[in-house]
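Source file structure14.cif; content: mmCIF, C-alpha atoms and all ligand atoms.
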```cif
data_entry
#
loop_
_atom_site.label_atom_id
_atom_site.label_comp_id
_atom_site.auth_asym_id
_atom_site.auth_seq_id
_atom_site.Cartn_x
_atom_site.Cartn_y
_atom_site.Cartn_z
CA MET A 1 -66.32 33.09 33.19
CA PRO A 2 -63.49 32.11 35.60
CA SER A 3 -60.28 34.14 35.54
CA ILE A 4 -57.17 32.48 34.10
CA PHE A 5 -55.61 32.90 37.56
CA SER A 6 -58.44 31.21 39.44
CA TYR A 7 -58.11 27.87 41.19
CA GLN A 8 -58.80 24.84 38.93
CA SER A 9 -59.02 26.89 35.71
CA ALA A 10 -56.29 24.69 34.09
CA GLU A 11 -57.05 22.21 31.32
CA VAL A 12 -55.44 19.39 33.28
CA ASP A 13 -56.20 17.99 36.71
CA TRP A 14 -53.73 15.38 37.98
CA CYS A 15 -54.82 12.17 39.70
CA GLU A 16 -54.19 13.28 43.29
CA GLY A 17 -57.41 14.51 44.95
CA ASN A 18 -57.80 18.29 45.29
CA PHE A 19 -57.81 20.15 48.64
CA GLU A 20 -57.64 16.91 50.61
CA ARG A 21 -54.81 17.98 52.92
CA SER A 22 -55.06 21.75 52.81
CA THR A 23 -57.59 24.41 51.96
CA VAL A 24 -55.06 26.52 50.01
CA ILE A 25 -52.97 23.83 48.30
CA ALA A 26 -54.94 21.96 45.62
CA GLU A 27 -52.60 18.97 45.17
CA TYR A 28 -50.53 18.67 48.33
CA TYR A 29 -47.99 15.95 47.42
CA ASN A 30 -47.66 17.13 43.81
CA THR A 31 -46.81 20.57 45.23
CA ILE A 32 -44.29 19.62 47.91
CA SER A 33 -42.48 17.09 45.66
CA ASN A 34 -41.19 20.09 43.65
CA VAL A 35 -38.62 20.51 46.39
CA SER A 36 -36.52 18.18 44.17
CA PHE A 37 -35.93 21.05 41.73
CA PHE A 38 -34.93 23.43 44.53
CA VAL A 39 -32.28 20.90 45.61
CA LEU A 40 -31.23 20.01 42.06
CA SER A 41 -30.13 23.50 40.92
CA PRO A 42 -27.73 24.36 43.79
CA ALA A 43 -26.45 20.76 43.82
CA LEU A 44 -25.49 21.03 40.12
CA LEU A 45 -23.75 24.35 40.68
CA TYR A 46 -21.90 23.18 43.79
CA LEU A 47 -20.77 19.75 42.59
CA ASN A 48 -19.69 20.84 39.12
CA ARG A 49 -17.89 23.93 40.43
CA GLN A 50 -14.71 23.40 38.40
CA TYR A 51 -16.76 23.40 35.20
CA ARG A 52 -18.84 26.32 36.52
CA GLN A 53 -15.65 28.37 36.87
CA GLN A 54 -14.99 27.83 33.16
CA ARG A 55 -18.57 28.15 31.90
CA ALA A 56 -20.24 30.39 34.47
CA LEU A 57 -22.95 31.93 32.28
CA PRO A 58 -24.53 28.71 30.89
CA MET A 59 -24.37 27.03 34.29
CA TYR A 60 -25.98 29.93 36.19
CA ILE A 61 -28.64 30.52 33.54
CA VAL A 62 -29.70 26.85 33.20
CA SER A 63 -29.62 26.23 36.98
CA GLY A 64 -31.66 29.41 37.46
CA LEU A 65 -34.18 28.24 34.87
CA LEU A 66 -34.46 24.80 36.54
CA PHE A 67 -35.15 26.63 39.79
CA CYS A 68 -37.90 28.59 37.98
CA VAL A 69 -39.35 25.27 36.71
CA GLY A 70 -39.63 24.31 40.41
CA ILE A 71 -41.30 27.62 41.35
CA PHE A 72 -43.83 27.52 38.50
CA SER A 73 -44.61 23.83 38.99
CA THR A 74 -45.22 24.51 42.70
CA TYR A 75 -47.57 27.38 41.77
CA PHE A 76 -49.35 25.20 39.19
CA HIS A 77 -50.05 22.26 41.51
CA MET A 78 -50.96 24.60 44.33
CA THR A 79 -53.62 26.42 42.27
CA LEU A 80 -54.27 24.22 39.20
CA SER A 81 -54.76 27.52 37.37
CA TYR A 82 -54.45 28.07 33.62
CA VAL A 83 -51.64 30.58 34.17
CA GLY A 84 -49.87 28.08 36.44
CA GLN A 85 -50.04 25.42 33.73
CA LEU A 86 -48.71 27.85 31.10
CA LEU A 87 -45.82 28.99 33.30
CA ASP A 88 -44.98 25.38 34.18
CA GLU A 89 -44.81 24.32 30.53
CA LEU A 90 -43.18 27.46 29.16
CA SER A 91 -40.42 27.32 31.77
CA ILE A 92 -39.66 23.71 30.75
CA LEU A 93 -39.71 24.63 27.05
CA TRP A 94 -37.37 27.61 27.51
CA THR A 95 -35.01 25.67 29.80
CA LEU A 96 -34.69 23.00 27.14
CA ALA A 97 -34.25 25.61 24.37
CA VAL A 98 -31.54 27.47 26.30
CA ALA A 99 -29.75 24.21 27.26
CA TYR A 100 -29.79 23.10 23.61
CA SER A 101 -28.43 26.45 22.45
CA PHE A 102 -25.54 26.24 24.94
CA TRP A 103 -24.66 22.56 24.67
CA TYR A 104 -25.89 21.06 21.40
CA PRO A 105 -22.63 19.61 20.00
CA ARG A 106 -21.38 21.77 17.17
CA ILE A 107 -20.26 18.72 15.17
CA TYR A 108 -23.94 17.98 14.51
CA PHE A 109 -24.46 21.40 12.95
CA PRO A 110 -24.17 21.30 9.18
CA ARG A 111 -21.46 23.60 7.90
CA SER A 112 -21.90 26.75 5.79
CA PHE A 113 -25.15 28.72 5.54
CA LEU A 114 -27.23 25.73 6.70
CA SER A 115 -25.88 26.21 10.22
CA GLY A 116 -27.38 29.72 10.51
CA LEU A 117 -30.60 28.47 8.94
CA LEU A 118 -30.82 25.64 11.48
CA GLN A 119 -30.29 28.05 14.38
CA ARG A 120 -33.06 30.32 13.10
CA LEU A 121 -35.30 27.29 12.58
CA SER A 122 -34.77 26.17 16.22
CA GLY A 123 -35.65 29.70 17.38
CA VAL A 124 -38.82 29.75 15.25
CA THR A 125 -39.81 26.26 16.53
CA THR A 126 -39.46 27.41 20.13
CA VAL A 127 -41.59 30.50 19.46
CA ILE A 128 -44.27 28.41 17.67
CA SER A 129 -44.31 25.89 20.56
CA THR A 130 -44.67 28.81 22.98
CA LEU A 131 -47.74 30.03 21.06
CA MET A 132 -49.08 26.45 20.85
CA SER A 133 -48.97 26.12 24.62
CA PHE A 134 -51.49 28.97 24.89
CA ILE A 135 -53.88 27.08 22.62
CA LYS A 136 -53.50 23.46 23.79
CA PRO A 137 -51.30 23.19 26.92
CA ALA A 138 -52.38 19.58 27.62
CA PHE A 139 -51.07 18.45 24.21
CA ASN A 140 -47.90 20.49 24.67
CA ALA A 141 -46.92 18.36 27.69
CA TYR A 142 -46.74 15.29 25.39
CA VAL A 143 -44.60 17.24 22.90
CA LEU A 144 -42.23 18.26 25.70
CA ASN A 145 -41.88 14.64 26.80
CA CYS A 146 -40.93 13.65 23.24
CA ILE A 147 -37.83 15.88 23.49
CA ALA A 148 -36.40 13.29 25.92
CA PHE A 149 -36.29 10.84 22.98
CA HIS A 150 -34.06 13.23 21.07
CA LEU A 151 -31.81 13.52 24.14
CA LEU A 152 -31.65 9.71 24.29
CA TYR A 153 -30.70 9.59 20.62
CA LEU A 154 -27.91 12.16 21.12
CA THR A 155 -26.62 10.22 24.15
CA TRP A 156 -26.57 6.99 22.15
CA ARG A 157 -24.58 8.68 19.34
CA GLU A 158 -22.04 10.04 21.81
CA LEU A 159 -21.69 6.71 23.65
CA LYS A 160 -20.81 4.96 20.38
CA LYS A 161 -17.65 7.11 20.28
CA CYS A 162 -16.77 6.84 23.98
CA ASN A 163 -14.83 4.02 25.68
CA ASP A 164 -15.04 5.30 29.27
CA LYS A 165 -16.99 2.67 31.25
CA ARG A 166 -18.01 5.22 33.88
CA VAL A 167 -19.74 7.31 31.20
CA HIS A 168 -21.66 4.28 29.92
CA ARG A 169 -22.72 3.37 33.46
CA MET A 170 -23.83 6.93 34.16
CA ALA A 171 -25.90 7.00 30.95
CA ALA A 172 -27.51 3.65 31.88
CA VAL A 173 -28.50 4.99 35.32
CA MET A 174 -29.89 8.19 33.73
CA VAL A 175 -32.04 6.12 31.35
CA LEU A 176 -33.25 3.95 34.23
CA TRP A 177 -34.40 7.02 36.23
CA TRP A 178 -36.05 8.47 33.12
CA VAL A 179 -37.95 5.20 32.37
CA LEU A 180 -39.25 5.19 35.96
CA ALA A 181 -40.13 8.90 35.65
CA ILE A 182 -42.00 8.70 32.34
CA SER A 183 -43.83 5.53 33.49
CA SER A 184 -45.06 7.47 36.53
CA TRP A 185 -46.12 10.47 34.39
CA ILE A 186 -48.03 8.27 31.91
CA SER A 187 -49.65 6.10 34.55
CA ASP A 188 -50.88 9.19 36.42
CA ARG A 189 -52.41 10.48 33.15
CA TRP A 190 -53.85 7.25 31.78
CA LEU A 191 -54.54 4.92 34.72
CA CYS A 192 -55.93 7.38 37.25
CA GLY A 193 -59.11 5.35 37.82
CA LEU A 194 -57.04 2.36 38.87
CA TRP A 195 -54.83 4.36 41.29
CA GLN A 196 -57.89 6.02 42.82
CA ALA A 197 -59.51 2.60 43.27
CA ILE A 198 -56.53 1.41 45.32
CA ASN A 199 -56.29 4.80 47.04
CA PHE A 200 -52.78 5.60 45.77
CA PRO A 201 -53.06 8.50 43.28
CA TYR A 202 -49.53 9.87 43.87
CA PHE A 203 -47.62 8.93 40.71
CA HIS A 204 -47.25 12.53 39.49
CA SER A 205 -45.34 13.44 42.65
CA PHE A 206 -43.03 10.45 42.00
CA TRP A 207 -42.52 11.86 38.50
CA HIS A 208 -41.20 15.16 39.96
CA VAL A 209 -38.61 13.34 42.08
CA LEU A 210 -37.65 10.78 39.41
CA ILE A 211 -37.21 13.32 36.58
CA ALA A 212 -35.03 15.44 38.89
CA MET A 213 -32.94 12.29 39.58
CA SER A 214 -32.54 11.64 35.85
CA LEU A 215 -31.48 15.28 35.33
CA LEU A 216 -28.92 14.83 38.10
CA TYR A 217 -27.30 12.20 35.86
CA CYS A 218 -28.08 13.94 32.55
CA CYS A 219 -26.30 17.21 33.46
CA PRO A 220 -22.86 15.67 34.24
CA LEU A 221 -23.11 13.73 30.96
CA VAL A 222 -23.79 16.94 29.03
CA ILE A 223 -20.89 18.62 30.83
CA TYR A 224 -18.60 15.63 30.15
CA PHE A 225 -19.23 15.79 26.39
CA ASP A 226 -18.94 19.59 26.33
CA VAL A 227 -15.51 19.45 28.01
CA SER A 228 -14.40 16.67 25.64
CA TYR A 229 -15.38 18.71 22.57
CA GLU A 230 -14.89 22.32 23.55
CA MET A 231 -12.20 22.43 26.26
CA PRO A 232 -9.13 20.57 24.96
CA SER A 233 -6.94 21.88 27.81
CA PHE A 234 -8.96 19.80 30.32
CA LYS A 235 -9.72 16.12 30.70
CA PRO A 236 -13.23 15.45 32.14
CA LYS A 237 -13.54 12.77 34.82
CA LEU A 238 -16.82 11.47 36.20
CA GLU A 239 -16.76 11.32 40.00
CA TYR A 240 -19.28 10.53 42.71
CA TRP A 241 -20.03 12.64 45.78
CA PRO A 242 -19.30 12.07 48.65
CA SER A 243 -17.15 9.13 47.40
CA ASP A 244 -17.32 6.15 45.05
CA SER A 245 -17.76 3.66 47.87
CA TRP A 246 -20.85 5.19 49.47
CA PRO A 247 -24.17 3.39 48.87
CA VAL A 248 -25.95 6.63 47.88
CA VAL A 249 -23.95 8.87 45.58
CA VAL A 250 -24.39 11.94 43.37
CA PRO A 251 -22.42 12.20 40.11
CA TYR A 252 -20.42 15.22 38.98
CA VAL A 253 -17.61 16.16 36.60
CA ALA A 254 -14.10 16.97 37.78
CA LEU A 255 -11.67 18.66 35.40
CA GLU A 256 -8.13 17.37 35.22
CA GLU A 257 -5.40 19.41 33.59
CA PRO A 258 -3.18 17.12 31.52
CA HIS A 259 0.48 17.36 32.65
CA LYS A 260 2.15 20.27 30.98
CA GLN A 261 5.57 19.46 29.53
CA CYS A 262 8.24 22.11 29.97
C1 LIG B 301 -25.57 20.97 32.09
C2 LIG B 301 -27.01 20.89 32.14
C3 LIG B 301 -27.77 20.50 30.90
C4 LIG B 301 -29.06 19.92 31.19
C5 LIG B 301 -30.11 20.22 30.23
C6 LIG B 301 -31.41 19.63 30.59
C7 LIG B 301 -32.50 20.62 30.61
C8 LIG B 301 -33.78 20.03 31.08
C9 LIG B 301 -34.83 21.02 31.15
C10 LIG B 301 -36.00 20.88 31.75
C11 LIG B 301 -36.50 19.63 32.33
C12 LIG B 301 -37.48 19.86 33.40
C13 LIG B 301 -38.53 18.81 33.46
C14 LIG B 301 -39.26 18.80 34.75
C15 LIG B 301 -40.72 19.07 34.66
C16 LIG B 301 -41.34 19.37 36.01
C17 LIG B 301 -42.63 20.09 35.98
C18 LIG B 301 -43.78 19.16 35.67
O1 LIG B 301 -43.94 18.14 36.27
N1 LIG B 301 -44.61 19.52 34.73
C19 LIG B 301 -45.74 18.72 34.36
C20 LIG B 301 -47.00 19.32 34.93
O2 LIG B 301 -46.89 19.44 36.27
C21 LIG B 301 -45.82 18.61 32.87
O3 LIG B 301 -46.93 17.84 32.53
C22 LIG B 301 -44.60 17.92 32.34
C23 LIG B 301 -44.31 17.93 31.05
C24 LIG B 301 -43.22 17.11 30.47
C25 LIG B 301 -41.87 17.75 30.57
C26 LIG B 301 -40.84 16.88 29.94
C27 LIG B 301 -39.52 17.50 29.90
C28 LIG B 301 -38.49 16.63 29.24
C29 LIG B 301 -37.26 16.64 30.04
C30 LIG B 301 -36.19 15.82 29.52
C31 LIG B 301 -35.32 15.33 30.62
C32 LIG B 301 -34.25 14.48 30.16
C33 LIG B 301 -33.77 13.51 31.18
C34 LIG B 301 -33.00 12.44 30.60
C35 LIG B 301 -33.55 11.86 29.37
C36 LIG B 301 -32.99 10.64 28.89
CA CA B 302 -56.16 16.57 41.12
ZN ZN B 303 -46.07 18.45 37.92
#
```
What's the structure tokens form of this structure?
Ligand SMILES: CCCCCCCC/C=C\CCCCCCCC(=O)N[C@@H](CO)[C@H](O)/C=C/CCCCCCCCCCCCC
Ligand SMILES: [Ca+2]
Ligand SMILES: [Zn+2]
Amino acid sequence: MPSIFSYQSAEVDWCEGNFERSTVIAEYYNTISNVSFFVLSPALLYLNRQYRQQRALPMYIVSGLLFCVGIFSTYFHMTLSYVGQLLDELSILWTLAVAYSFWYPRIYFPRSFLSGLLQRLSGVTTVISTLMSFIKPAFNAYVLNCIAFHLLYLTWRELKKCNDKRVHRMAAVMVLWWVLAISSWISDRWLCGLWQAINFPYFHSFWHVLIAMSLLYCCPLVIYFDVSYEMPSFKPKLEYWPSDSWPVVVPYVALEEPHKQC
């Protein structure tokens, strides 16, 4: 019986051919495309540094976890091992759980004892999903993707209350990147025969880059709403690095202090 650490012991094998470009890296492009997560984490910390100064712990923890997602995903695609698949999925699950616990808007929590109950329920759900991933990791990946629909629903609820055109534009771009990302993920899973026939089985590596792009837009949105709700002494402003007029830009949140009256 193969060890859970051995090459190709995972339940899933992505469309890209194995060991075609290297004898040690199973899926070469799926492995190197994880560089997106290694760029994403420091970029979030650097660009949103004003917010990071106010909320250091959540920012460092979530950026660190996103970096771990990159490490485990690299290990998974390099080995296609069962342990690699578990680490890949569990790191995503726990990053989402931690991000929700830090940033889920408190106005959506029911008051009184229900609030505590809901928190415990979320904790129990995360633990059950963790156990589930040991039993059926391939199914768990679909469950994880469904969480994006809840994020879309939350974004839509927030946008209904927000008049800032820049926020609406940012949300639209985030959704666009996510649609491209999820289409790549699904087509790699479901249409592999077709992509192999035309000799282009690389859609999972596109997924890595595209989902990192959508997170690059998702994070400033989360920060924007957190500042609006939880930091009344600041006014959040969406900005683009290096400047608005450049053709390729990266969004971030600047914090403005409203003029203090003496
Ligand atoms: C201020 C910051 C707050 C931001 C919170 C967001 C936290 C997001 C946490 C994790 C997302 C990482 C997803 C990348 C996965 C990369 C690894 C990978 O490719 N794994 C596959 C196997 O190689 C596996 O099959 C993938 C499973 C699906 C994961 C789906 C995760 C849902 C992420 C939701 C992203 C929202 C973006 C915007 C949505 C509108
Ligand atoms: Ca493969
Ligand atoms: Zn992957």
Q: Name the closest residue to ligand LIG 301 (chain B) among the candidates A:Ser228, A:Ser3, A:Ser214, A:Gln54; distances are taken between atoms, counting all atoms listed in the file.
A: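 Answer, going by the shortest atom-to-atom distance: A:Ser214.
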Q | Protein and nucleic acid residues within 8 Å of ligand CA 302 (chain B) (only C-alpha atoms and all ligand atoms) as a PyMOL selection string | A | chain A and resi 13-18+26-27
Q) For ligand ZN 303 (chain B), which residue out of A:Asn30, A:Ser245, A:Thr95, A:Ser36 is the nearest one, using only C-alpha atoms and all ligand atoms? A) A:Asn30
**Q.** Interatomic distance, atom C22 of ligand LIG 301 (chain B) to atom CA of A:Ala97 (Å, one decimal)
**A.**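 For atom C22 of ligand LIG 301 (chain B) relative to atom CA of A:Ala97, the distance reads 15.2 Å.
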Q: Compare A:Trp103, A:Thr23, A:His204, A:Tyr75 by their minimum atom-to-atom distance to A:Cys219, counting only C-alpha atoms, and give me the closest one.
A: A:Trp103
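Between A:Thr125 and the candidates A:Cys68, A:Ala138, A:Leu152, A:Leu93, the tightest atom-to-atom separation, counting all atoms listed in the file, involves A:Leu93.
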Q: Would you list the residues that come within 8 Å of ligand ZN 303 (chain B)? Count all atoms listed in the file and give the answer as a list of chain:residue names.
A: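 The neighbouring residues of ligand ZN 303 (chain B) are, in order, A:Asn30, A:Thr31, A:Asn34, A:Ser73, A:Thr74, A:Phe76, A:His77, A:Asp88, A:His204, A:Ser205, A:Trp207, A:His208.
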Please dump the current selection as a PDB file, in the coordinates of the input; keep C-alpha atoms.
```
ATOM      1  CA  ASN A  30     -47.660  17.130  43.810  1.00  0.00           C
ATOM      2  CA  THR A  31     -46.810  20.570  45.230  1.00  0.00           C
ATOM      3  CA  ASN A  34     -41.190  20.090  43.650  1.00  0.00           C
ATOM      4  CA  SER A  73     -44.610  23.830  38.990  1.00  0.00           C
ATOM      5  CA  THR A  74     -45.220  24.510  42.700  1.00  0.00           C
ATOM      6  CA  PHE A  76     -49.350  25.200  39.190  1.00  0.00           C
ATOM      7  CA  HIS A  77     -50.050  22.260  41.510  1.00  0.00           C
ATOM      8  CA  ASP A  88     -44.980  25.380  34.180  1.00  0.00           C
ATOM      9  CA  HIS A 204     -47.250  12.530  39.490  1.00  0.00           C
ATOM     10  CA  SER A 205     -45.340  13.440  42.650  1.00  0.00           C
ATOM     11  CA  TRP A 207     -42.520  11.860  38.500  1.00  0.00           C
ATOM     12  CA  HIS A 208     -41.200  15.160  39.960  1.00  0.00           C
TER      13      HIS A 208
END
```
For A:Asp164, work out the shell of residues within 12 Å, counting all atoms listed in the file and skipping chain neighbours fewer than 6 positions away, then give it as an mmCIF file with C-alpha atoms, in the coordinates of the input.
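Output saved as around-v4.cif:
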```cif
data_model
loop_
_atom_site.group_PDB
_atom_site.id
_atom_site.type_symbol
_atom_site.label_atom_id
_atom_site.label_comp_id
_atom_site.auth_asym_id
_atom_site.auth_seq_id
_atom_site.Cartn_x
_atom_site.Cartn_y
_atom_site.Cartn_z
ATOM 1 C CA GLU A 158 -22.040 10.040 21.810
ATOM 2 C CA MET A 170 -23.830 6.930 34.160
ATOM 3 C CA ALA A 171 -25.900 7.000 30.950
ATOM 4 C CA LEU A 221 -23.110 13.730 30.960
ATOM 5 C CA TYR A 224 -18.600 15.630 30.150
ATOM 6 C CA PHE A 225 -19.230 15.790 26.390
ATOM 7 C CA SER A 228 -14.400 16.670 25.640
ATOM 8 C CA PRO A 236 -13.230 15.450 32.140
ATOM 9 C CA LYS A 237 -13.540 12.770 34.820
ATOM 10 C CA LEU A 238 -16.820 11.470 36.200
#
```
Q.
Which residues are near ligand LIG 301 (chain B) - at most 7 Å, using all atoms listed in the file? Format: as a PyMOL selection string.
A. chain A and resi 59+62+66+69-70+73+76-77+85+88-89+92+95-96+99+141-142+144-145+147-149+151-152+174-175+178+207-208+211-212+214-215+218-220+222-223
Q) Which of these residues is nearest to A:Lys235, using only C-alpha atoms: A:Ser184, A:Gln50, A:Ser81, A:Gln196? A)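 Closest to A:Lys235 of all the choices is A:Gln50.
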**Q.** Separation of atom CA of A:Met213 from atom CA of A:Trp177 in Å
**A.**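 Atom CA of A:Met213 lies 6.4 Å from atom CA of A:Trp177.
With only C-alpha atoms as the basis for measurement, A:Leu47 is the residue among A:Glu20, A:Thr79, A:Gln8, A:Leu47 that approaches A:Val253 most closely.
For the pair atom CA of A:Arg49 and atom CA of A:Ile107, the interatomic distance is 25.9 Å.
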Excluding A:Glu230 and any residue of its chain fewer than 3 positions from it, enumerate the residues within 10 Å of it, using all atoms listed in the file, and give them as a PDB file with C-alpha atoms, in the coordinates of the input.
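So part-v6.pdb came out as:
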```pdb
ATOM      1  CA  TRP A 103     -24.660  22.560  24.670  1.00  0.00           C
ATOM      2  CA  PRO A 105     -22.630  19.610  20.000  1.00  0.00           C
ATOM      3  CA  ARG A 106     -21.380  21.770  17.170  1.00  0.00           C
ATOM      4  CA  PHE A 225     -19.230  15.790  26.390  1.00  0.00           C
ATOM      5  CA  ASP A 226     -18.940  19.590  26.330  1.00  0.00           C
ATOM      6  CA  VAL A 227     -15.510  19.450  28.010  1.00  0.00           C
ATOM      7  CA  SER A 233      -6.940  21.880  27.810  1.00  0.00           C
ATOM      8  CA  PHE A 234      -8.960  19.800  30.320  1.00  0.00           C
TER       9      PHE A 234
END
```
Once N, CA and C atoms are restored for stretch 21-42 of chain A, what would the output be as a PDB file, in the frame of the given file?
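selection.pdb, freshly written:
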```
ATOM      1  N   ARG A  21     -55.668  17.785  51.741  1.00  0.00           N
ATOM      2  CA  ARG A  21     -54.810  17.980  52.920  1.00  0.00           C
ATOM      3  C   ARG A  21     -54.672  19.427  53.321  1.00  0.00           C
ATOM      4  N   SER A  22     -55.194  20.324  52.502  1.00  0.00           N
ATOM      5  CA  SER A  22     -55.060  21.750  52.810  1.00  0.00           C
ATOM      6  C   SER A  22     -56.179  22.504  52.087  1.00  0.00           C
ATOM      7  N   THR A  23     -56.537  23.644  52.617  1.00  0.00           N
ATOM      8  CA  THR A  23     -57.590  24.410  51.960  1.00  0.00           C
ATOM      9  C   THR A  23     -57.008  25.384  50.926  1.00  0.00           C
ATOM     10  N   VAL A  24     -55.674  25.606  50.987  1.00  0.00           N
ATOM     11  CA  VAL A  24     -55.060  26.520  50.010  1.00  0.00           C
ATOM     12  C   VAL A  24     -54.230  25.799  48.953  1.00  0.00           C
ATOM     13  N   ILE A  25     -53.786  24.580  49.264  1.00  0.00           N
ATOM     14  CA  ILE A  25     -52.970  23.830  48.300  1.00  0.00           C
ATOM     15  C   ILE A  25     -53.853  22.769  47.637  1.00  0.00           C
ATOM     16  N   ALA A  26     -54.042  22.898  46.312  1.00  0.00           N
ATOM     17  CA  ALA A  26     -54.940  21.960  45.620  1.00  0.00           C
ATOM     18  C   ALA A  26     -54.403  20.532  45.691  1.00  0.00           C
ATOM     19  N   GLU A  27     -53.176  20.333  45.160  1.00  0.00           N
ATOM     20  CA  GLU A  27     -52.600  18.970  45.170  1.00  0.00           C
ATOM     21  C   GLU A  27     -51.376  18.997  46.079  1.00  0.00           C
ATOM     22  N   TYR A  28     -51.547  18.494  47.275  1.00  0.00           N
ATOM     23  CA  TYR A  28     -50.530  18.670  48.330  1.00  0.00           C
ATOM     24  C   TYR A  28     -49.205  17.978  47.978  1.00  0.00           C
ATOM     25  N   TYR A  29     -49.251  16.672  47.681  1.00  0.00           N
ATOM     26  CA  TYR A  29     -47.990  15.950  47.420  1.00  0.00           C
ATOM     27  C   TYR A  29     -47.363  16.370  46.096  1.00  0.00           C
ATOM     28  N   ASN A  30     -48.209  16.659  45.089  1.00  0.00           N
ATOM     29  CA  ASN A  30     -47.660  17.130  43.810  1.00  0.00           C
ATOM     30  C   ASN A  30     -46.970  18.484  43.998  1.00  0.00           C
ATOM     31  N   THR A  31     -47.425  19.259  44.975  1.00  0.00           N
ATOM     32  CA  THR A  31     -46.810  20.570  45.230  1.00  0.00           C
ATOM     33  C   THR A  31     -45.496  20.414  45.979  1.00  0.00           C
ATOM     34  N   ILE A  32     -45.525  19.660  47.092  1.00  0.00           N
ATOM     35  CA  ILE A  32     -44.290  19.620  47.910  1.00  0.00           C
ATOM     36  C   ILE A  32     -43.169  18.812  47.236  1.00  0.00           C
ATOM     37  N   SER A  33     -43.527  17.884  46.317  1.00  0.00           N
ATOM     38  CA  SER A  33     -42.480  17.090  45.660  1.00  0.00           C
ATOM     39  C   SER A  33     -41.601  17.944  44.746  1.00  0.00           C
ATOM     40  N   ASN A  34     -42.023  19.193  44.462  1.00  0.00           N
ATOM     41  CA  ASN A  34     -41.190  20.090  43.650  1.00  0.00           C
ATOM     42  C   ASN A  34     -39.932  20.533  44.376  1.00  0.00           C
ATOM     43  N   VAL A  35     -39.829  20.203  45.639  1.00  0.00           N
ATOM     44  CA  VAL A  35     -38.620  20.510  46.390  1.00  0.00           C
ATOM     45  C   VAL A  35     -37.395  19.898  45.683  1.00  0.00           C
ATOM     46  N   SER A  36     -37.630  18.822  44.914  1.00  0.00           N
ATOM     47  CA  SER A  36     -36.520  18.180  44.170  1.00  0.00           C
ATOM     48  C   SER A  36     -35.795  19.179  43.270  1.00  0.00           C
ATOM     49  N   PHE A  37     -36.578  20.090  42.638  1.00  0.00           N
ATOM     50  CA  PHE A  37     -35.930  21.050  41.730  1.00  0.00           C
ATOM     51  C   PHE A  37     -35.164  22.130  42.501  1.00  0.00           C
ATOM     52  N   PHE A  38     -35.639  22.429  43.717  1.00  0.00           N
ATOM     53  CA  PHE A  38     -34.930  23.430  44.530  1.00  0.00           C
ATOM     54  C   PHE A  38     -33.614  22.867  45.062  1.00  0.00           C
ATOM     55  N   VAL A  39     -33.528  21.530  45.173  1.00  0.00           N
ATOM     56  CA  VAL A  39     -32.280  20.900  45.610  1.00  0.00           C
ATOM     57  C   VAL A  39     -31.363  20.705  44.397  1.00  0.00           C
ATOM     58  N   LEU A  40     -31.995  20.336  43.268  1.00  0.00           N
ATOM     59  CA  LEU A  40     -31.230  20.010  42.060  1.00  0.00           C
ATOM     60  C   LEU A  40     -30.330  21.173  41.591  1.00  0.00           C
ATOM     61  N   SER A  41     -30.900  22.376  41.481  1.00  0.00           N
ATOM     62  CA  SER A  41     -30.130  23.500  40.920  1.00  0.00           C
ATOM     63  C   SER A  41     -28.869  23.826  41.717  1.00  0.00           C
ATOM     64  N   PRO A  42     -28.973  24.083  43.066  1.00  0.00           N
ATOM     65  CA  PRO A  42     -27.730  24.360  43.790  1.00  0.00           C
ATOM     66  C   PRO A  42     -26.773  23.176  43.806  1.00  0.00           C
TER      67      PRO A  42
END
```
